[in-house]
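Structure below is structure-v2.pdb: PDB, C-alpha atoms.
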```
ATOM      1  CA  MET G   1       0.000   0.000   0.000  1.00  0.00           C
ATOM      2  CA  LEU G   2       1.373   3.415  -1.011  1.00  0.00           C
ATOM      3  CA  PHE G   3       1.140   6.183   1.580  1.00  0.00           C
ATOM      4  CA  LEU G   4       1.040   9.639   0.097  1.00  0.00           C
ATOM      5  CA  LYS G   5       2.210  12.805   1.834  1.00  0.00           C
ATOM      6  CA  LYS G   6      -0.731  14.882   3.010  1.00  0.00           C
ATOM      7  CA  VAL G   7      -0.324  18.509   2.012  1.00  0.00           C
ATOM      8  CA  GLU G   8      -2.658  21.411   2.716  1.00  0.00           C
ATOM      9  CA  ILE G   9      -2.655  24.375   0.355  1.00  0.00           C
ATOM     10  CA  PHE G  10      -4.405  27.667   1.041  1.00  0.00           C
ATOM     11  CA  THR G  11      -4.584  30.235  -1.760  1.00  0.00           C
ATOM     12  CA  ASP G  12      -5.894  33.645  -2.649  1.00  0.00           C
ATOM     13  CA  GLY G  13      -5.678  36.144  -5.465  1.00  0.00           C
ATOM     14  CA  ALA G  14      -6.217  39.887  -5.513  1.00  0.00           C
ATOM     15  CA  CYS G  15      -6.582  42.531  -8.170  1.00  0.00           C
ATOM     16  CA  LEU G  16      -6.640  46.336  -7.952  1.00  0.00           C
ATOM     17  CA  GLY G  17      -9.236  46.892 -10.634  1.00  0.00           C
ATOM     18  CA  ASN G  18     -10.371  43.990 -12.756  1.00  0.00           C
ATOM     19  CA  PRO G  19      -8.351  43.962 -14.940  1.00  0.00           C
ATOM     20  CA  GLY G  20      -5.488  45.724 -13.218  1.00  0.00           C
ATOM     21  CA  PRO G  21      -2.387  45.016 -11.183  1.00  0.00           C
ATOM     22  CA  GLY G  22      -2.796  41.736  -9.338  1.00  0.00           C
ATOM     23  CA  GLY G  23      -1.183  39.511  -6.778  1.00  0.00           C
ATOM     24  CA  TRP G  24      -1.454  35.919  -5.640  1.00  0.00           C
ATOM     25  CA  ALA G  25      -0.371  34.002  -2.569  1.00  0.00           C
ATOM     26  CA  ALA G  26      -0.309  30.430  -1.340  1.00  0.00           C
ATOM     27  CA  LEU G  27       0.518  28.754   1.923  1.00  0.00           C
ATOM     28  CA  LEU G  28       1.635  25.136   1.769  1.00  0.00           C
ATOM     29  CA  ARG G  29       1.586  23.005   4.915  1.00  0.00           C
ATOM     30  CA  TYR G  30       3.067  19.560   5.379  1.00  0.00           C
ATOM     31  CA  GLY G  31       3.098  18.355   8.967  1.00  0.00           C
ATOM     32  CA  ASN G  32       4.689  21.130  11.024  1.00  0.00           C
ATOM     33  CA  SER G  33       6.367  22.752   8.012  1.00  0.00           C
ATOM     34  CA  GLU G  34       4.931  25.727   6.157  1.00  0.00           C
ATOM     35  CA  LYS G  35       5.999  27.598   3.059  1.00  0.00           C
ATOM     36  CA  GLU G  36       4.578  30.861   1.728  1.00  0.00           C
ATOM     37  CA  ILE G  37       4.869  31.758  -1.933  1.00  0.00           C
ATOM     38  CA  SER G  38       3.538  34.776  -3.800  1.00  0.00           C
ATOM     39  CA  GLY G  39       3.880  36.846  -6.913  1.00  0.00           C
ATOM     40  CA  HIS G  40       2.249  39.517  -9.017  1.00  0.00           C
ATOM     41  CA  ASP G  41       1.352  40.625 -12.518  1.00  0.00           C
ATOM     42  CA  SER G  42       1.107  44.205 -13.720  1.00  0.00           C
ATOM     43  CA  HIS G  43      -2.048  43.659 -15.798  1.00  0.00           C
ATOM     44  CA  THR G  44      -4.323  40.741 -15.005  1.00  0.00           C
ATOM     45  CA  THR G  45      -7.667  39.715 -13.546  1.00  0.00           C
ATOM     46  CA  ASN G  46      -8.654  38.400 -10.149  1.00  0.00           C
ATOM     47  CA  ASN G  47      -9.573  34.995 -11.608  1.00  0.00           C
ATOM     48  CA  ARG G  48      -6.150  34.673 -13.232  1.00  0.00           C
ATOM     49  CA  MET G  49      -4.508  35.407  -9.887  1.00  0.00           C
ATOM     50  CA  GLU G  50      -6.706  32.823  -8.131  1.00  0.00           C
ATOM     51  CA  LEU G  51      -5.712  30.196 -10.696  1.00  0.00           C
ATOM     52  CA  THR G  52      -2.039  31.153 -10.594  1.00  0.00           C
ATOM     53  CA  ALA G  53      -1.886  30.726  -6.820  1.00  0.00           C
ATOM     54  CA  VAL G  54      -3.101  27.120  -7.071  1.00  0.00           C
ATOM     55  CA  ILE G  55      -0.869  26.292 -10.053  1.00  0.00           C
ATOM     56  CA  GLU G  56       2.257  27.704  -8.417  1.00  0.00           C
ATOM     57  CA  ALA G  57       1.571  25.862  -5.151  1.00  0.00           C
ATOM     58  CA  LEU G  58       1.002  22.525  -6.888  1.00  0.00           C
ATOM     59  CA  SER G  59       4.146  23.011  -8.968  1.00  0.00           C
ATOM     60  CA  LEU G  60       6.269  22.871  -5.801  1.00  0.00           C
ATOM     61  CA  LEU G  61       5.175  19.347  -4.893  1.00  0.00           C
ATOM     62  CA  LYS G  62       7.880  16.838  -5.842  1.00  0.00           C
ATOM     63  CA  GLY G  63       5.992  13.549  -5.766  1.00  0.00           C
ATOM     64  CA  LYS G  64       2.382  12.452  -5.824  1.00  0.00           C
ATOM     65  CA  CYS G  65       0.595  13.776  -2.728  1.00  0.00           C
ATOM     66  CA  THR G  66      -2.839  13.865  -1.189  1.00  0.00           C
ATOM     67  CA  VAL G  67      -3.634  17.568  -1.408  1.00  0.00           C
ATOM     68  CA  ARG G  68      -6.415  19.608   0.126  1.00  0.00           C
ATOM     69  CA  ILE G  69      -6.682  22.987  -1.605  1.00  0.00           C
ATOM     70  CA  THR G  70      -8.664  25.592   0.303  1.00  0.00           C
ATOM     71  CA  THR G  71      -9.620  28.800  -1.476  1.00  0.00           C
ATOM     72  CA  ASP G  72     -12.289  31.489  -1.418  1.00  0.00           C
ATOM     73  CA  SER G  73     -12.590  31.310  -5.210  1.00  0.00           C
ATOM     74  CA  LYS G  74     -15.872  29.743  -6.290  1.00  0.00           C
ATOM     75  CA  TYR G  75     -14.581  30.128  -9.848  1.00  0.00           C
ATOM     76  CA  VAL G  76     -11.753  27.699  -9.134  1.00  0.00           C
ATOM     77  CA  VAL G  77     -13.602  25.292  -6.842  1.00  0.00           C
ATOM     78  CA  ASP G  78     -16.814  25.014  -8.851  1.00  0.00           C
ATOM     79  CA  SER G  79     -15.020  24.774 -12.191  1.00  0.00           C
ATOM     80  CA  VAL G  80     -13.005  21.815 -10.903  1.00  0.00           C
ATOM     81  CA  ASN G  81     -15.527  20.095  -8.624  1.00  0.00           C
ATOM     82  CA  LEU G  82     -18.437  20.389 -11.047  1.00  0.00           C
ATOM     83  CA  GLY G  83     -16.284  19.241 -13.966  1.00  0.00           C
ATOM     84  CA  ARG G  84     -16.661  22.445 -15.947  1.00  0.00           C
ATOM     85  CA  ALA G  85     -12.963  22.934 -16.630  1.00  0.00           C
ATOM     86  CA  ALA G  86     -12.566  19.331 -17.770  1.00  0.00           C
ATOM     87  CA  GLN G  87     -15.545  19.763 -20.116  1.00  0.00           C
ATOM     88  CA  TRP G  88     -14.121  22.992 -21.511  1.00  0.00           C
ATOM     89  CA  ARG G  89     -10.903  21.152 -22.304  1.00  0.00           C
ATOM     90  CA  LEU G  90     -12.767  18.259 -23.964  1.00  0.00           C
ATOM     91  CA  LYS G  91     -14.664  20.772 -26.118  1.00  0.00           C
ATOM     92  CA  GLY G  92     -11.499  22.580 -27.221  1.00  0.00           C
ATOM     93  CA  TRP G  93     -11.831  25.263 -24.546  1.00  0.00           C
ATOM     94  CA  LYS G  94     -15.398  26.123 -25.434  1.00  0.00           C
ATOM     95  CA  LYS G  95     -18.118  26.524 -22.821  1.00  0.00           C
ATOM     96  CA  SER G  96     -21.547  24.899 -23.101  1.00  0.00           C
ATOM     97  CA  ASP G  97     -22.780  27.979 -25.023  1.00  0.00           C
ATOM     98  CA  ASN G  98     -19.839  27.510 -27.456  1.00  0.00           C
ATOM     99  CA  LYS G  99     -18.228  30.752 -26.295  1.00  0.00           C
ATOM    100  CA  PRO G 100     -14.513  30.530 -25.531  1.00  0.00           C
ATOM    101  CA  ALA G 101     -13.620  29.509 -21.981  1.00  0.00           C
ATOM    102  CA  LEU G 102     -11.627  32.264 -20.325  1.00  0.00           C
ATOM    103  CA  ASN G 103      -8.141  31.612 -18.981  1.00  0.00           C
ATOM    104  CA  SER G 104      -7.743  28.362 -20.912  1.00  0.00           C
ATOM    105  CA  ASP G 105      -3.947  28.639 -20.690  1.00  0.00           C
ATOM    106  CA  LEU G 106      -4.108  28.563 -16.901  1.00  0.00           C
ATOM    107  CA  TRP G 107      -6.871  25.956 -16.758  1.00  0.00           C
ATOM    108  CA  GLU G 108      -4.697  23.657 -18.871  1.00  0.00           C
ATOM    109  CA  LYS G 109      -1.855  24.050 -16.366  1.00  0.00           C
ATOM    110  CA  LEU G 110      -4.141  23.606 -13.356  1.00  0.00           C
ATOM    111  CA  LEU G 111      -5.801  20.473 -14.708  1.00  0.00           C
ATOM    112  CA  ASP G 112      -2.428  18.947 -15.556  1.00  0.00           C
ATOM    113  CA  ALA G 113      -0.897  19.875 -12.182  1.00  0.00           C
ATOM    114  CA  SER G 114      -3.857  18.606 -10.167  1.00  0.00           C
ATOM    115  CA  ALA G 115      -3.962  15.331 -12.131  1.00  0.00           C
ATOM    116  CA  ARG G 116      -0.511  14.473 -10.768  1.00  0.00           C
ATOM    117  CA  HIS G 117      -1.948  14.384  -7.236  1.00  0.00           C
ATOM    118  CA  ASP G 118      -4.992  13.255  -5.300  1.00  0.00           C
ATOM    119  CA  CYS G 119      -6.578  16.704  -4.954  1.00  0.00           C
ATOM    120  CA  THR G 120      -9.620  17.902  -3.087  1.00  0.00           C
ATOM    121  CA  PHE G 121     -10.808  21.461  -3.673  1.00  0.00           C
ATOM    122  CA  LEU G 122     -12.624  23.163  -0.794  1.00  0.00           C
ATOM    123  CA  TRP G 123     -14.343  26.536  -0.875  1.00  0.00           C
ATOM    124  CA  ILE G 124     -14.449  28.820   2.154  1.00  0.00           C
ATOM    125  CA  ARG G 125     -16.032  32.232   2.452  1.00  0.00           C
ATOM    126  CA  GLY G 126     -13.454  34.993   2.026  1.00  0.00           C
ATOM    127  CA  HIS G 127     -12.939  37.713   4.617  1.00  0.00           C
ATOM    128  CA  ALA G 128     -14.703  35.586   7.216  1.00  0.00           C
ATOM    129  CA  GLY G 129     -11.907  35.094   9.729  1.00  0.00           C
ATOM    130  CA  HIS G 130     -10.336  31.940   8.258  1.00  0.00           C
ATOM    131  CA  ALA G 131      -6.744  32.445   9.464  1.00  0.00           C
ATOM    132  CA  GLU G 132      -4.914  30.987   6.465  1.00  0.00           C
ATOM    133  CA  ASN G 133      -7.207  32.678   3.959  1.00  0.00           C
ATOM    134  CA  GLU G 134      -6.755  36.028   5.693  1.00  0.00           C
ATOM    135  CA  ARG G 135      -2.978  35.505   5.621  1.00  0.00           C
ATOM    136  CA  CYS G 136      -3.020  34.700   1.895  1.00  0.00           C
ATOM    137  CA  ASP G 137      -5.315  37.650   1.199  1.00  0.00           C
ATOM    138  CA  GLU G 138      -2.971  40.037   2.988  1.00  0.00           C
ATOM    139  CA  ILE G 139       0.017  38.774   0.997  1.00  0.00           C
ATOM    140  CA  ALA G 140      -1.883  38.803  -2.321  1.00  0.00           C
ATOM    141  CA  VAL G 141      -3.057  42.385  -1.761  1.00  0.00           C
ATOM    142  CA  ARG G 142       0.497  43.419  -0.854  1.00  0.00           C
ATOM    143  CA  GLN G 143       1.710  41.805  -4.096  1.00  0.00           C
ATOM    144  CA  ALA G 144      -1.005  43.587  -6.119  1.00  0.00           C
ATOM    145  CA  LYS G 145       0.105  46.909  -4.605  1.00  0.00           C
ATOM    146  CA  ALA G 146       3.716  46.066  -5.511  1.00  0.00           C
ATOM    147  CA  ALA G 147       2.590  45.400  -9.088  1.00  0.00           C
ATOM    148  CA  ALA G 148       0.763  48.744  -9.152  1.00  0.00           C
ATOM    149  CA  GLU G 149       3.854  50.550  -7.868  1.00  0.00           C
ATOM    150  CA  ALA G 150       6.010  48.883 -10.501  1.00  0.00           C
ATOM    151  CA  VAL G 151       3.896  50.243 -13.348  1.00  0.00           C
ATOM    152  CA  LYS G 152       3.508  53.812 -12.062  1.00  0.00           C
ATOM    153  CA  PRO G 153       5.103  56.281 -14.452  1.00  0.00           C
ATOM    154  CA  TYR G 154       8.261  57.920 -13.185  1.00  0.00           C
ATOM    155  CA  ALA G 155       7.222  61.169 -11.505  1.00  0.00           C
ATOM    156  CA  GLY G 156      10.030  63.136 -13.135  1.00  0.00           C
ATOM    157  CA  SER G 157       9.281  62.016 -16.684  1.00  0.00           C
ATOM    158  CA  LYS G 158       7.785  64.285 -19.276  1.00  0.00           C
ATOM    159  CA  GLY G 159       5.148  63.328 -21.736  1.00  0.00           C
TER     160      GLY G 159
END
```
Step by step, read the file and then write its structure as structure tokens.
Amino acid sequence: MLFLKKVEIFTDGACLGNPGPGGWAALLRYGNSEKEISGHDSHTTNNRMELTAVIEALSLLKGKCTVRITTDSKYVVDSVNLGRAAQWRLKGWKKSDNKPALNSDLWEKLLDASARHDCTFLWIRGHAGHAENERCDEIAVRQAKAAAEAVKPYAGSKG
């Protein structure tokens, strides 16, 4: 019998405007060990940041693991748990109304990354006192602000 490592992942994404500068954050927990990761994009959407947080967290796992992913993104959780993303892929990234599925590049990565593990996606209400979600939110917002600062025009420039 193969025993898989049990890993918890908590994620969040943030965007200042939608689209706008965005940030993402993830907290990975294995036993008593924790690792925080985060990043930003100068022009993105909140959904892209939510997806990126999960993808980046899963990409750090070296071998097959049992993974519980907790996020406040219904977009991510429902699209995976209800099979929507898998259906979009089967239909060539078209939704049931034949309109293009948004973020297909990231969905492709997320579906591939999650297939390498035994993943469970759990939704929790955001901004409701969930300690790990609040921590990820704070980091993601900080990253979004860093992205916004990075794209501000130089104050001394002309034109």
Quick one: apply the PyMOL selection byres ((chain G and resi 40) around 7) to the file and drop the selected residues here as a PyMOL selection string.
-> chain G and resi 22-24+39+41-42+143-144+147
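Checking G:Lys91, G:Lys152, G:Lys74, G:Arg68 one by one against Thr120 (chain G), counting all atoms listed in the file, you find the shortest gap at G:Arg68.
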Which distance in Å separates CA of Lys35 (chain G) and CA of Met49 (chain G), to one decimal?
->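 The value is 18.4 Å.
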Evaluate the PyMOL selection byres ((chain G and resi 53-58) around 7) on the structure here and hand back the selected residues as a compact mmCIF listing (two decimals) with C-alpha atoms, in the frame of the given file.
```txt
# COMPACT_ATOMS: atom_id res chain seq x y z
CA THR G 11 -4.58 30.24 -1.76
CA ASP G 12 -5.89 33.65 -2.65
CA GLY G 13 -5.68 36.14 -5.46
CA TRP G 24 -1.45 35.92 -5.64
CA ALA G 25 -0.37 34.00 -2.57
CA ALA G 26 -0.31 30.43 -1.34
CA LEU G 28 1.64 25.14 1.77
CA MET G 49 -4.51 35.41 -9.89
CA GLU G 50 -6.71 32.82 -8.13
CA LEU G 51 -5.71 30.20 -10.70
CA THR G 52 -2.04 31.15 -10.59
CA SER G 59 4.15 23.01 -8.97
CA LEU G 60 6.27 22.87 -5.80
CA LEU G 61 5.18 19.35 -4.89
CA LYS G 109 -1.86 24.05 -16.37
CA LEU G 110 -4.14 23.61 -13.36
CA ALA G 113 -0.90 19.88 -12.18
```
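Excluding Gly17 (chain G) itself and same-chain residues fewer than 2 positions from it, the residues having an atom within 10 Å of it are Ala14, Cys15, Pro19, Gly20, Pro21, Gly22, His43, Thr44, Thr45, Asn46 and Ala144 of chain G, counting all atoms listed in the file.
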For the residues in the current selection, export C-alpha atoms as a CSV table (one decimal), in the coordinates of the input.
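As written to disk, result-v1.csv reads:
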```csv
chain,number,residue,atom,x,y,z
G,14,ALA,CA,-6.2,39.9,-5.5
G,15,CYS,CA,-6.6,42.5,-8.2
G,19,PRO,CA,-8.4,44.0,-14.9
G,20,GLY,CA,-5.5,45.7,-13.2
G,21,PRO,CA,-2.4,45.0,-11.2
G,22,GLY,CA,-2.8,41.7,-9.3
G,43,HIS,CA,-2.0,43.7,-15.8
G,44,THR,CA,-4.3,40.7,-15.0
G,45,THR,CA,-7.7,39.7,-13.5
G,46,ASN,CA,-8.7,38.4,-10.1
G,144,ALA,CA,-1.0,43.6,-6.1
```
Quick one: of G:Leu27, G:Ala131, G:Leu102, G:Cys65, who's nearest to Arg116 (chain G), counting all atoms listed in the file?
->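 For Arg116 (chain G), the nearest of the candidates is G:Cys65.
Here the question is which of G:Arg135, G:Lys95, G:Leu16, G:His117 gets nearest to Glu149 (chain G) using only C-alpha atoms, and that residue is G:Leu16.
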Correct to one decimal, the distance CA of Ile124 (chain G)-CA of Ala85 (chain G) is 19.7 Å
Would you compute an axis-aligned box for region 84-92 of chain G, covering every atom listed for it in the file with 4 Å of margin on each side, and report centre and edge lengths in Å to one decimal as lines of an AutoDock Vina configuration file?
```
center_x = -13.8
center_y = 20.6
center_z = -21.6
size_x = 13.8
size_y = 12.7
size_z = 19.3
```
Please, what distance in Å, to one decimal, runs between CA of Ala101 (chain G) and CA of Phe10 (chain G)?
->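 About the pair CA of Ala101 (chain G) and CA of Phe10 (chain G): they are 24.9 Å apart.
Evaluating the PyMOL selection byres ((chain G and resi 3) around 10) against the shown model yields Met1, Leu2, Leu4, Lys5, Lys6, Lys64, Cys65 and Thr66 of chain G.
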Between G:Trp93, G:Ala146, G:Glu8, G:Asn18, which is the closest to Ser33 (chain G) once you count all atoms listed in the file?
->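 Ranking G:Trp93, G:Ala146, G:Glu8, G:Asn18 by distance to Ser33 (chain G), first place goes to G:Glu8.
Using all atoms listed in the file, the residues found no farther than 12 Å from Gly83 (chain G), other than those of its own chain fewer than 5 positions away, are Tyr75, Val76, Val77, Asp78, Trp88, Arg89, Leu90, Lys95, Ser96, Trp107, Leu111 and Phe121 of chain G.
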